[in-house]
Every structure is written in structure tokens, then in C-alpha cells.
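Data first, discussion second: the structure below is written as C-alpha cells.
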Amino acid sequence: RGYEHSEESVNLEPGDNYFTIELQQKPQPPESVTVSGVLIEVVTAEGTRSENRYIQIQEDDGQAEFVFNEIGENVGFDEFINKRVEIQGFRDVGRVGWQAEEVEGIYVERIIEVESE
């Protein structure tokens, strides 16, 4: 959170036991946001980069929103499918699909089920 996305390949040879990763901080830390609606889809693309794992929420205003799990796994979110939830997190860019298309979404910091009105 708060750092630019970066991807780099590293080849380690026998005897190499460390390498340095320099993180580039984003100009401003992302602001926290809260969205609520019905969790409509959980995609867990096993064997792919964590950004290809996402959930979608149908917000109260009818818009669908991509939601990404900050820790990279959507394990445990299945219990929320078709339930009304509140998601707290921060808005940032994530990647979806085999082409790793960049889309804006919410990175989850907290998800809770809420009672339907």
C-alpha cells in the first residue's frame, strides 16, 4: 500500500543469496473508502499472479466495482457471495484476466456482512 506496482525478473545463480528491491513510493498515500452492496463474484485464478484474484461487488447504486484482496488471496470470501457486505479499503489500480489488464478498484482492508434493509 502506498507504493508503485513494479515487476522485474531476476535470475539467481548458485552462490547468489540476496538481491535488493527498491520500492518507489506513490506521490500520495491512497485514501480510505467504504463501499457497500452485494458480493457478486469471486475469481481465484490459481497458479497466476495474485492481482488476477479479485472479487466484484454490485454497489447500492447499481455499479459493479472490482475489489482486490491486499494480501493476494481471496480465500474466505466465498462465504460472502450473494450477501450484502460493506468493504473498507483504498482505491488503487489492480490487474485482472490473463492479459493482466489494469483496472481501478478497491483493495480490501476489511469486509463485513451487513443486514439487508
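Going through the C-alpha cells in order, the chains are called A, B, and so on, while each chain numbers its residues from 1 and the ligands are numbered from 1 in the order shown.
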Near-segment 96-112 of chain A list (6 Å; only C-alpha atoms; drop same-chain fewer than 4 positions) as a PyMOL selection string: chain A and resi 52+66-70+85-92
Just to be explicit: take each residue in the selection above, keep all heavy atoms, and write the result as a tab-separated table (two decimals), in the first residue's frame.
chain	number	residue	atom	x	y	z
A	52	ASN	N	-4.48	-11.26	-10.25
A	52	ASN	CA	-5.53	-11.86	-11.05
A	52	ASN	C	-6.63	-12.46	-10.20
A	52	ASN	O	-7.57	-13.03	-10.72
A	52	ASN	CB	-4.96	-12.93	-11.99
A	52	ASN	CG	-4.17	-12.31	-13.11
A	52	ASN	OD1	-4.41	-11.19	-13.50
A	52	ASN	ND2	-3.21	-13.04	-13.62
A	66	PHE	N	-14.60	-3.57	-9.11
A	66	PHE	CA	-13.58	-4.58	-8.85
A	66	PHE	C	-13.04	-4.38	-7.44
A	66	PHE	O	-12.83	-3.25	-7.01
A	66	PHE	CB	-12.42	-4.46	-9.84
A	66	PHE	CG	-12.72	-5.01	-11.20
A	66	PHE	CD1	-13.01	-4.17	-12.26
A	66	PHE	CD2	-12.73	-6.37	-11.41
A	66	PHE	CE1	-13.29	-4.66	-13.51
A	66	PHE	CE2	-13.00	-6.90	-12.67
A	66	PHE	CZ	-13.29	-6.03	-13.71
A	67	VAL	N	-12.81	-5.48	-6.76
A	67	VAL	CA	-12.26	-5.43	-5.41
A	67	VAL	C	-11.11	-6.41	-5.35
A	67	VAL	O	-11.23	-7.56	-5.78
A	67	VAL	CB	-13.33	-5.79	-4.37
A	67	VAL	CG1	-12.76	-5.70	-2.96
A	67	VAL	CG2	-14.54	-4.89	-4.50
A	68	PHE	N	-9.98	-5.95	-4.84
A	68	PHE	CA	-8.78	-6.77	-4.76
A	68	PHE	C	-8.41	-7.01	-3.31
A	68	PHE	O	-8.54	-6.12	-2.48
A	68	PHE	CB	-7.60	-6.09	-5.46
A	68	PHE	CG	-7.89	-5.76	-6.90
A	68	PHE	CD1	-8.33	-4.50	-7.26
A	68	PHE	CD2	-7.75	-6.73	-7.88
A	68	PHE	CE1	-8.61	-4.20	-8.57
A	68	PHE	CE2	-8.04	-6.43	-9.20
A	68	PHE	CZ	-8.47	-5.17	-9.54
A	69	ASN	N	-7.93	-8.20	-3.03
A	69	ASN	CA	-7.50	-8.52	-1.68
A	69	ASN	C	-6.06	-8.09	-1.51
A	69	ASN	O	-5.19	-8.52	-2.26
A	69	ASN	CB	-7.64	-10.02	-1.44
A	69	ASN	CG	-7.44	-10.38	0.01
A	69	ASN	OD1	-6.74	-9.70	0.74
A	69	ASN	ND2	-8.07	-11.47	0.43
A	70	GLU	N	-5.81	-7.27	-0.52
A	70	GLU	CA	-4.47	-6.73	-0.32
A	70	GLU	C	-3.43	-7.81	-0.10
A	70	GLU	O	-2.30	-7.68	-0.51
A	70	GLU	CB	-4.49	-5.77	0.88
A	70	GLU	CG	-3.19	-5.02	1.04
A	70	GLU	CD	-3.28	-3.96	2.12
A	70	GLU	OE1	-4.23	-3.97	2.91
A	70	GLU	OE2	-2.38	-3.13	2.16
A	85	VAL	N	-22.64	-6.77	1.79
A	85	VAL	CA	-21.41	-6.56	2.56
A	85	VAL	C	-21.03	-5.08	2.55
A	85	VAL	O	-21.50	-4.30	1.73
A	85	VAL	CB	-20.23	-7.39	2.00
A	85	VAL	CG1	-20.49	-8.87	2.14
A	85	VAL	CG2	-19.93	-7.00	0.56
A	86	GLU	N	-20.15	-4.75	3.48
A	86	GLU	CA	-19.51	-3.44	3.49
A	86	GLU	C	-18.01	-3.71	3.39
A	86	GLU	O	-17.48	-4.53	4.14
A	86	GLU	CB	-19.83	-2.70	4.79
A	86	GLU	CG	-19.20	-1.33	4.87
A	86	GLU	CD	-19.58	-0.61	6.13
A	86	GLU	OE1	-20.67	0.00	6.16
A	86	GLU	OE2	-18.78	-0.67	7.09
A	87	ILE	N	-17.37	-3.05	2.44
A	87	ILE	CA	-15.94	-3.24	2.22
A	87	ILE	C	-15.24	-1.92	2.49
A	87	ILE	O	-15.59	-0.89	1.92
A	87	ILE	CB	-15.64	-3.71	0.78
A	87	ILE	CG1	-16.28	-5.07	0.55
A	87	ILE	CG2	-14.14	-3.76	0.53
A	87	ILE	CD1	-16.17	-5.57	-0.87
A	88	GLN	N	-14.25	-1.98	3.38
A	88	GLN	CA	-13.42	-0.81	3.65
A	88	GLN	C	-12.05	-1.08	3.06
A	88	GLN	O	-11.53	-2.19	3.17
A	88	GLN	CB	-13.31	-0.56	5.14
A	88	GLN	CG	-14.64	-0.22	5.77
A	88	GLN	CD	-14.57	-0.17	7.28
A	88	GLN	OE1	-13.65	-0.67	7.90
A	88	GLN	NE2	-15.59	0.44	7.88
A	89	GLY	N	-11.48	-0.08	2.41
A	89	GLY	CA	-10.17	-0.26	1.81
A	89	GLY	C	-9.68	1.03	1.19
A	89	GLY	O	-10.07	2.12	1.61
A	90	PHE	N	-8.86	0.89	0.16
A	90	PHE	CA	-8.33	2.07	-0.52
A	90	PHE	C	-8.40	1.85	-2.02
A	90	PHE	O	-8.30	0.74	-2.51
A	90	PHE	CB	-6.90	2.39	-0.06
A	90	PHE	CG	-5.92	1.26	-0.28
A	90	PHE	CD1	-5.15	1.22	-1.42
A	90	PHE	CD2	-5.77	0.26	0.66
A	90	PHE	CE1	-4.25	0.19	-1.63
A	90	PHE	CE2	-4.87	-0.77	0.46
A	90	PHE	CZ	-4.10	-0.81	-0.68
A	91	ARG	N	-8.62	2.94	-2.76
A	91	ARG	CA	-8.75	2.87	-4.22
A	91	ARG	C	-7.35	2.86	-4.84
A	91	ARG	O	-6.49	3.65	-4.48
A	91	ARG	CB	-9.55	4.06	-4.73
A	91	ARG	CG	-9.91	3.93	-6.19
A	91	ARG	CD	-10.94	4.95	-6.60
A	91	ARG	NE	-12.24	4.76	-5.97
A	91	ARG	CZ	-13.11	3.80	-6.29
A	91	ARG	NH1	-12.82	2.95	-7.24
A	91	ARG	NH2	-14.26	3.71	-5.68
A	92	ASP	N	-7.15	1.93	-5.76
A	92	ASP	CA	-5.87	1.81	-6.43
A	92	ASP	C	-6.08	1.00	-7.71
A	92	ASP	O	-7.18	0.55	-7.99
A	92	ASP	CB	-4.84	1.13	-5.53
A	92	ASP	CG	-3.41	1.53	-5.84
A	92	ASP	OD1	-3.16	2.07	-6.94
A	92	ASP	OD2	-2.53	1.31	-4.99
For a quick check of understanding, using only C-alpha atoms, which of A:Phe77, A:Glu4, A:Val42, A:Gly37 has the smallest distance to Gln24 of chain A?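 Once distances to Gln24 of chain A are computed over only C-alpha atoms, the minimum belongs to A:Glu4.
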For a quick check of understanding, using only C-alpha atoms, which of A:Ala64, A:Val10, A:Leu39, A:Ile55 has the smallest distance to Gly94 of chain A?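 Comparing A:Ala64, A:Val10, A:Leu39, A:Ile55 against Gly94 of chain A, the winner is A:Ile55.
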Considering only C-alpha atoms, state which residue in the set A:Ser6, A:Gln56, A:Ser36, A:Gln63 is at the smallest distance from Arg84 of chain A.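 Smallest separation from Arg84 of chain A among the options: A:Ser36.
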